[in-house]
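Novice: Dropping in query-v6.pdb, which is PDB, C-alpha atoms, pLDDT in the B column:
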```pdb
ATOM      1  CA  LEU A 843     109.769 101.015  93.456  1.00 44.00           C
ATOM      2  CA  ARG A 844     110.087 104.780  93.028  1.00 45.00           C
ATOM      3  CA  LYS A 845     110.866 104.944  96.732  1.00 51.00           C
ATOM      4  CA  LEU A 846     114.136 103.020  96.330  1.00 55.00           C
ATOM      5  CA  LYS A 847     117.208 105.163  96.651  1.00 57.00           C
ATOM      6  CA  ASP A 848     119.995 102.593  96.478  1.00 56.00           C
ATOM      7  CA  ILE A 849     120.403  98.820  96.387  1.00 57.00           C
ATOM      8  CA  ARG A 850     123.763  97.074  96.634  1.00 57.00           C
ATOM      9  CA  PHE A 851     124.079  93.361  96.168  1.00 56.00           C
ATOM     10  CA  THR A 852     126.574  90.572  95.659  1.00 56.00           C
ATOM     11  CA  LEU A 853     126.100  87.693  93.226  1.00 54.00           C
ATOM     12  CA  LEU A 854     127.984  84.523  94.088  1.00 56.00           C
ATOM     13  CA  LYS A 855     128.170  82.081  91.190  1.00 57.00           C
ATOM     14  CA  SER A 856     129.186  78.472  91.626  1.00 62.00           C
ATOM     15  CA  VAL A 857     130.235  75.797  89.164  1.00 65.00           C
ATOM     16  CA  GLY A 858     127.302  74.850  86.930  1.00 65.00           C
ATOM     17  CA  GLY A 859     125.877  78.364  86.744  1.00 61.00           C
ATOM     18  CA  LYS A 860     123.850  78.344  89.952  1.00 62.00           C
ATOM     19  CA  GLY A 861     124.289  81.280  92.251  1.00 58.00           C
ATOM     20  CA  THR A 862     123.132  83.207  95.247  1.00 55.00           C
ATOM     21  CA  LEU A 863     122.027  86.813  95.338  1.00 51.00           C
ATOM     22  CA  ALA A 864     122.753  88.546  98.649  1.00 52.00           C
ATOM     23  CA  LEU A 865     121.605  92.058  99.493  1.00 51.00           C
ATOM     24  CA  ASP A 866     124.408  94.004 101.136  1.00 50.00           C
ATOM     25  CA  ASN A 867     122.557  97.265 101.602  1.00 50.00           C
ATOM     26  CA  ILE A 868     119.221  98.813 100.754  1.00 51.00           C
ATOM     27  CA  GLN A 869     118.122 102.404 101.265  1.00 50.00           C
ATOM     28  CA  LEU A 870     114.558 103.581 100.878  1.00 50.00           C
ATOM     29  CA  VAL A 871     113.489 107.125 100.330  1.00 48.00           C
ATOM     30  CA  ASN A 872     110.960 108.013 103.012  1.00 46.00           C
ATOM     31  CA  ALA A 873     108.346 105.347 102.423  1.00 46.00           C
ATOM     32  CA  GLY A 874     104.806 106.353 103.153  1.00 47.00           C
ATOM     33  CA  LYS A 875     103.043 109.591 103.862  1.00 49.00           C
ATOM     34  CA  GLU A 876     104.804 112.053 106.102  1.00 62.00           C
ATOM     35  CA  ASP A 877     102.780 114.904 107.526  1.00 61.00           C
ATOM     36  CA  THR A 878     100.551 115.955 104.625  1.00 58.00           C
ATOM     37  CA  GLY A 879      99.843 119.432 105.930  1.00 60.00           C
ATOM     38  CA  ASP A 880      96.423 119.112 104.283  1.00 74.00           C
ATOM     39  CA  PRO A 881      93.669 119.350 106.918  1.00 79.00           C
ATOM     40  CA  ASN A 882      91.239 117.631 104.508  1.00 85.00           C
ATOM     41  CA  GLU A 883      93.173 114.337 104.436  1.00 93.00           C
ATOM     42  CA  LEU A 884      91.743 111.629 106.693  1.00 96.00           C
ATOM     43  CA  ILE A 885      95.202 110.061 107.155  1.00 96.00           C
ATOM     44  CA  GLN A 886      97.180 113.081 108.323  1.00 95.00           C
ATOM     45  CA  SER A 887     100.516 111.232 108.397  1.00 95.00           C
ATOM     46  CA  LEU A 888     102.022 107.763 108.045  1.00 95.00           C
ATOM     47  CA  THR A 889     105.602 106.870 108.875  1.00 95.00           C
ATOM     48  CA  THR A 890     107.610 103.683 109.385  1.00 95.00           C
ATOM     49  CA  ASP A 891     110.460 103.109 111.786  1.00 92.00           C
ATOM     50  CA  ASN A 892     113.150 100.433 111.411  1.00 91.00           C
ATOM     51  CA  ASN A 893     112.801 100.397 107.635  1.00 93.00           C
ATOM     52  CA  PRO A 894     114.520  98.223 106.517  1.00 94.00           C
ATOM     53  CA  PHE A 895     113.996  95.828 109.410  1.00 95.00           C
ATOM     54  CA  SER A 896     115.494  92.451 110.313  1.00 95.00           C
ATOM     55  CA  PRO A 897     112.967  89.874 111.589  1.00 96.00           C
ATOM     56  CA  ASN A 898     115.521  87.317 112.802  1.00 93.00           C
ATOM     57  CA  ASN A 899     114.792  87.518 116.567  1.00 91.00           C
ATOM     58  CA  ASP A 900     118.246  88.802 117.499  1.00 94.00           C
ATOM     59  CA  GLY A 901     116.771  91.762 119.393  1.00 93.00           C
ATOM     60  CA  VAL A 902     117.928  94.325 116.837  1.00 93.00           C
ATOM     61  CA  ARG A 903     115.389  95.934 114.478  1.00 95.00           C
ATOM     62  CA  ASP A 904     113.217  92.808 114.640  1.00 96.00           C
ATOM     63  CA  ASN A 905     109.995  94.635 113.779  1.00 96.00           C
ATOM     64  CA  VAL A 906     108.703  97.672 111.932  1.00 97.00           C
ATOM     65  CA  THR A 907     106.073 100.061 113.285  1.00 97.00           C
ATOM     66  CA  PHE A 908     103.604 101.882 111.067  1.00 97.00           C
ATOM     67  CA  ALA A 909     102.625 105.053 112.943  1.00 97.00           C
ATOM     68  CA  PHE A 910      99.747 107.152 111.656  1.00 96.00           C
ATOM     69  CA  LYS A 911      97.598 110.105 112.611  1.00 96.00           C
ATOM     70  CA  LEU A 912      93.882 110.273 111.834  1.00 96.00           C
ATOM     71  CA  ARG A 913      91.817 113.417 111.397  1.00 96.00           C
ATOM     72  CA  GLU A 914      88.687 111.748 112.793  1.00 96.00           C
ATOM     73  CA  LYS A 915      87.378 108.506 114.291  1.00 96.00           C
ATOM     74  CA  SER A 916      87.839 105.776 111.643  1.00 97.00           C
ATOM     75  CA  ASN A 917      87.905 102.097 110.831  1.00 97.00           C
ATOM     76  CA  VAL A 918      91.517 101.361 109.925  1.00 97.00           C
ATOM     77  CA  LYS A 919      93.123  98.429 108.097  1.00 97.00           C
ATOM     78  CA  LEU A 920      96.785  97.808 107.226  1.00 98.00           C
ATOM     79  CA  ARG A 921      97.659  95.201 104.616  1.00 98.00           C
ATOM     80  CA  ILE A 922     101.140  93.891 103.790  1.00 98.00           C
ATOM     81  CA  PHE A 923     101.657  92.506 100.262  1.00 98.00           C
ATOM     82  CA  ASP A 924     104.470  90.377  98.839  1.00 96.00           C
ATOM     83  CA  ALA A 925     106.094  91.125  95.478  1.00 92.00           C
ATOM     84  CA  ASP A 926     103.363  89.138  93.685  1.00 93.00           C
ATOM     85  CA  GLY A 927     100.646  91.358  95.168  1.00 95.00           C
ATOM     86  CA  THR A 928      99.322  88.699  97.554  1.00 96.00           C
ATOM     87  CA  VAL A 929      98.192  89.893 100.986  1.00 97.00           C
ATOM     88  CA  ILE A 930     100.444  88.108 103.482  1.00 98.00           C
ATOM     89  CA  LYS A 931      99.500  89.976 106.660  1.00 98.00           C
ATOM     90  CA  GLU A 932      96.537  92.070 107.676  1.00 97.00           C
ATOM     91  CA  PHE A 933      96.028  94.279 110.707  1.00 97.00           C
ATOM     92  CA  GLY A 934      92.804  95.977 111.666  1.00 95.00           C
ATOM     93  CA  SER A 935      90.833  97.188 114.587  1.00 82.00           C
ATOM     94  CA  ASN A 936      87.578  95.512 115.593  1.00 84.00           C
ATOM     95  CA  THR A 937      86.309  98.890 116.717  1.00 94.00           C
ATOM     96  CA  PRO A 938      86.910 102.315 115.168  1.00 96.00           C
ATOM     97  CA  LEU A 939      90.070 104.087 116.276  1.00 96.00           C
ATOM     98  CA  PRO A 940      89.747 107.594 117.717  1.00 96.00           C
ATOM     99  CA  SER A 941      91.155 110.636 115.965  1.00 96.00           C
ATOM    100  CA  GLY A 942      94.811 111.223 116.702  1.00 96.00           C
ATOM    101  CA  SER A 943      97.766 108.875 116.736  1.00 96.00           C
ATOM    102  CA  GLY A 944      97.704 105.111 116.218  1.00 96.00           C
ATOM    103  CA  SER A 945     100.081 102.372 115.135  1.00 97.00           C
ATOM    104  CA  PHE A 946     100.502  98.770 114.050  1.00 97.00           C
ATOM    105  CA  THR A 947     103.707  96.784 114.627  1.00 97.00           C
ATOM    106  CA  TRP A 948     104.735  94.001 112.252  1.00 98.00           C
ATOM    107  CA  GLN A 949     107.195  91.337 113.456  1.00 97.00           C
ATOM    108  CA  GLY A 950     107.865  90.118 109.915  1.00 97.00           C
ATOM    109  CA  ARG A 951     105.519  87.135 110.056  1.00 97.00           C
ATOM    110  CA  ASP A 952     102.734  86.315 107.633  1.00 97.00           C
ATOM    111  CA  ASP A 953      99.193  85.321 108.631  1.00 96.00           C
ATOM    112  CA  ASP A 954     100.414  81.693 108.995  1.00 96.00           C
ATOM    113  CA  ASN A 955     103.016  82.929 111.546  1.00 96.00           C
ATOM    114  CA  THR A 956     105.915  82.121 109.200  1.00 96.00           C
ATOM    115  CA  THR A 957     108.824  84.573 109.118  1.00 96.00           C
ATOM    116  CA  VAL A 958     108.940  86.329 105.755  1.00 96.00           C
ATOM    117  CA  ARG A 959     111.868  86.028 103.373  1.00 95.00           C
ATOM    118  CA  ASN A 960     114.289  88.809 102.553  1.00 94.00           C
ATOM    119  CA  GLY A 961     112.765  91.267 100.135  1.00 95.00           C
ATOM    120  CA  LEU A 962     110.550  94.226  99.520  1.00 95.00           C
ATOM    121  CA  TYR A 963     107.001  94.271 100.812  1.00 97.00           C
ATOM    122  CA  PHE A 964     104.332  96.777  99.934  1.00 97.00           C
ATOM    123  CA  TYR A 965     101.881  98.122 102.471  1.00 97.00           C
ATOM    124  CA  GLN A 966      98.574  99.926 102.254  1.00 97.00           C
ATOM    125  CA  LEU A 967      96.858 101.718 105.109  1.00 97.00           C
ATOM    126  CA  LYS A 968      93.141 102.353 104.566  1.00 97.00           C
ATOM    127  CA  ALA A 969      90.929 104.509 106.748  1.00 97.00           C
ATOM    128  CA  GLU A 970      87.187 105.049 106.555  1.00 96.00           C
ATOM    129  CA  SER A 971      85.596 107.646 108.797  1.00 96.00           C
ATOM    130  CA  VAL A 972      82.646 106.623 110.949  1.00 96.00           C
ATOM    131  CA  GLU A 973      81.655 110.301 111.324  1.00 93.00           C
ATOM    132  CA  THR A 974      81.650 111.405 107.682  1.00 94.00           C
ATOM    133  CA  SER A 975      81.907 109.722 104.294  1.00 88.00           C
ATOM    134  CA  ALA A 976      85.672 110.394 104.136  1.00 95.00           C
ATOM    135  CA  LYS A 977      87.961 107.594 102.941  1.00 96.00           C
ATOM    136  CA  ASP A 978      91.716 107.676 102.504  1.00 96.00           C
ATOM    137  CA  ARG A 979      94.597 105.323 101.810  1.00 96.00           C
ATOM    138  CA  SER A 980      98.358 105.525 101.831  1.00 95.00           C
ATOM    139  CA  THR A 981     100.887 103.078 100.406  1.00 94.00           C
ATOM    140  CA  GLY A 982     104.597 102.467 100.679  1.00 94.00           C
ATOM    141  CA  VAL A 983     107.431  99.960 100.693  1.00 95.00           C
ATOM    142  CA  VAL A 984     109.170  98.220 103.580  1.00 96.00           C
ATOM    143  CA  ALA A 985     112.224  95.952 103.286  1.00 95.00           C
ATOM    144  CA  ALA A 986     112.951  92.807 105.307  1.00 95.00           C
ATOM    145  CA  LEU A 987     116.632  91.845 105.586  1.00 92.00           C
ATOM    146  CA  ARG A 988     117.340  88.959 107.943  1.00 82.00           C
TER
END
```
Re-express the file's structure as structure tokens.
Specialist:
Amino acid sequence: LRKLKDIRFTLLKSVGGKGTLALDNIQLVNAGKEDTGDPNELIQSLTTDNNPFSPNNDGVRDNVTFAFKLREKSNVKLRIFDADGTVIKEFGSNTPLPSGSGSFTWQGRDDDNTTVRNGLYFYQLKAESVETSAKDRSTGVVAALR
């Protein structure tokens, strides 16, 4: 949550004490690993676009792309976690990815193909080199606002 810059919300309370919390705006400080500048890091960079994103199929910001750069050929896995720490979506390559740029795009659906609810989701990108014993991981936060 250190990556949150600003959250604005509205609380609508009805008779009987029940209410609805609606997010009006959320701003995240650059989530993830920008260019590290460290040639020893296996994951040279990790950025997200469309963060926050809106997986409501209206054609506007419906998905978020996790773009990364690898120092060397690696097995790569991206996991998306809900607020409880449960893995809800997992991406990975069946074969090692070459050094250079790669990406995964998330449409805001879990592994059961259900659209996720509004909220913050944590992600972790793991890379393990097939050429050396190098391992690296990078984490961040992405927000879904439908």
Novice: I'd like to know which of A:Lys977, A:Lys919, A:Arg951, A:Lys968 is closest to Asn882 in chain A, using all atoms listed in the file.
Specialist: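 Distance minimum relative to Asn882 in chain A lands on A:Lys977.
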Novice: Could you tell me which of A:Asn899, A:Asn893, A:Ser943, A:Ser916 comes closest to Leu962 in chain A if we count only C-alpha atoms?
Specialist: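 Once distances to Leu962 in chain A are computed over only C-alpha atoms, the minimum belongs to A:Asn893.
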Novice: Between CA of Asn955 in chain A and CA of Asp904 in chain A, what distance in Å does the model show, to one decimal?
Specialist: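 So the two atoms, CA of Asn955 in chain A and CA of Asp904 in chain A, lie 14.5 Å apart.
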Novice: What do you get, as a list in words, if you spell out every residue that the PyMOL selection byres ((chain A and resi 908) around 6) selects here?
Specialist: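 Selected by the PyMOL selection byres ((chain A and resi 908) around 6) here: Thr889, Thr890, Thr907, Ala909, Ser945 and Phe946 of chain A.
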Novice: Keeping C-alpha atoms, export the residues of the selection given above as a compact mmCIF listing (two decimals), in the frame of the given file.
Specialist:
```
# COMPACT_ATOMS: atom_id res chain seq x y z
CA THR A 889 105.60 106.87 108.88
CA THR A 890 107.61 103.68 109.38
CA THR A 907 106.07 100.06 113.28
CA ALA A 909 102.62 105.05 112.94
CA SER A 945 100.08 102.37 115.14
CA PHE A 946 100.50 98.77 114.05
```
Novice: Enumerate, as number ranges by chain, the residues matched when the PyMOL selection byres ((chain A and resi 948) around 6) is run on the file above.
Specialist: A: 905-906, 947, 949-950
Novice: Excluding range 971-975 of chain A and its own-chain neighbours fewer than 5 positions away, which residues fall within 12 Å of it when counting only C-alpha atoms? Please give them as a PyMOL selection string.
Specialist: chain A and resi 882-885+912-919+937-941
Novice: Using all atoms listed in the file, which protein or nucleic acid residues come within 9 Å of Ser980 in chain A? Drop anything in the same chain fewer than 2 positions from it, and give the result as a ChimeraX atom specification.
Specialist: /A:874-875,885,887-888,965-969,978,982
Novice: When the PyMOL selection byres ((chain A and resi 896) around 7) is applied to the structure above, which residues does it catch, written out as a PyMOL selection string?
Specialist: chain A and resi 894-895+897-898+903-905+986-988
Novice: Expressed in Å to a single decimal, how great is the separation between CA of Asp953 in chain A and CA of Glu932 in chain A?
Specialist: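 Those two atoms sit 7.3 Å apart.
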Novice: Figure out the distance between CA of Thr981 in chain A and CA of Tyr963 in chain A, please, to one decimal in Å.
Specialist: 10.7 Å
Novice: Please enclose the listed atoms of range 900-914 of chain A in an axis-aligned box, pad each side by 8 Å, and write out the centre and the three edge lengths in Å, rounded to one decimal, as lines of an AutoDock Vina configuration file.
Specialist:
```
center_x = 103.5
center_y = 101.1
center_z = 115.2
size_x = 45.6
size_y = 40.6
size_z = 24.3
```
Novice: For the point (107.5, 93.5, 97.5) in file coordinates, what residues are within 8 Å, counting all atoms listed in the file? Give the answer as number ranges by chain?
Specialist: A: 923-927, 961-964, 983-985
Novice: Could you save the residues just selected, with C-alpha atoms, as an mmCIF file, keeping the file's coordinate frame?
Specialist:
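Saved as out.cif:
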```cif
data_model
loop_
_atom_site.group_PDB
_atom_site.id
_atom_site.type_symbol
_atom_site.label_atom_id
_atom_site.label_comp_id
_atom_site.auth_asym_id
_atom_site.auth_seq_id
_atom_site.Cartn_x
_atom_site.Cartn_y
_atom_site.Cartn_z
ATOM 1 C CA PHE A 923 101.657 92.506 100.262
ATOM 2 C CA ASP A 924 104.470 90.377 98.839
ATOM 3 C CA ALA A 925 106.094 91.125 95.478
ATOM 4 C CA ASP A 926 103.363 89.138 93.685
ATOM 5 C CA GLY A 927 100.646 91.358 95.168
ATOM 6 C CA GLY A 961 112.765 91.267 100.135
ATOM 7 C CA LEU A 962 110.550 94.226 99.520
ATOM 8 C CA TYR A 963 107.001 94.271 100.812
ATOM 9 C CA PHE A 964 104.332 96.777 99.934
ATOM 10 C CA VAL A 983 107.431 99.960 100.693
ATOM 11 C CA VAL A 984 109.170 98.220 103.580
ATOM 12 C CA ALA A 985 112.224 95.952 103.286
#
```
Novice: For a quick check of understanding, using all atoms listed in the file, which of A:Glu970, A:Arg959, A:Gly934, A:Gln886 has the smallest distance to Lys911 in chain A?
Specialist: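 Checking each of A:Glu970, A:Arg959, A:Gly934, A:Gln886 against Lys911 in chain A, counting all atoms listed in the file, the winner is A:Gln886.
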Novice: Which residues come within 12 Å of Asp954 in chain A, counting all atoms listed in the file, excluding same-chain residues fewer than 2 positions away, as an NGL selection string?
Specialist: :A and (929-932 or 950-952 or 956-958)
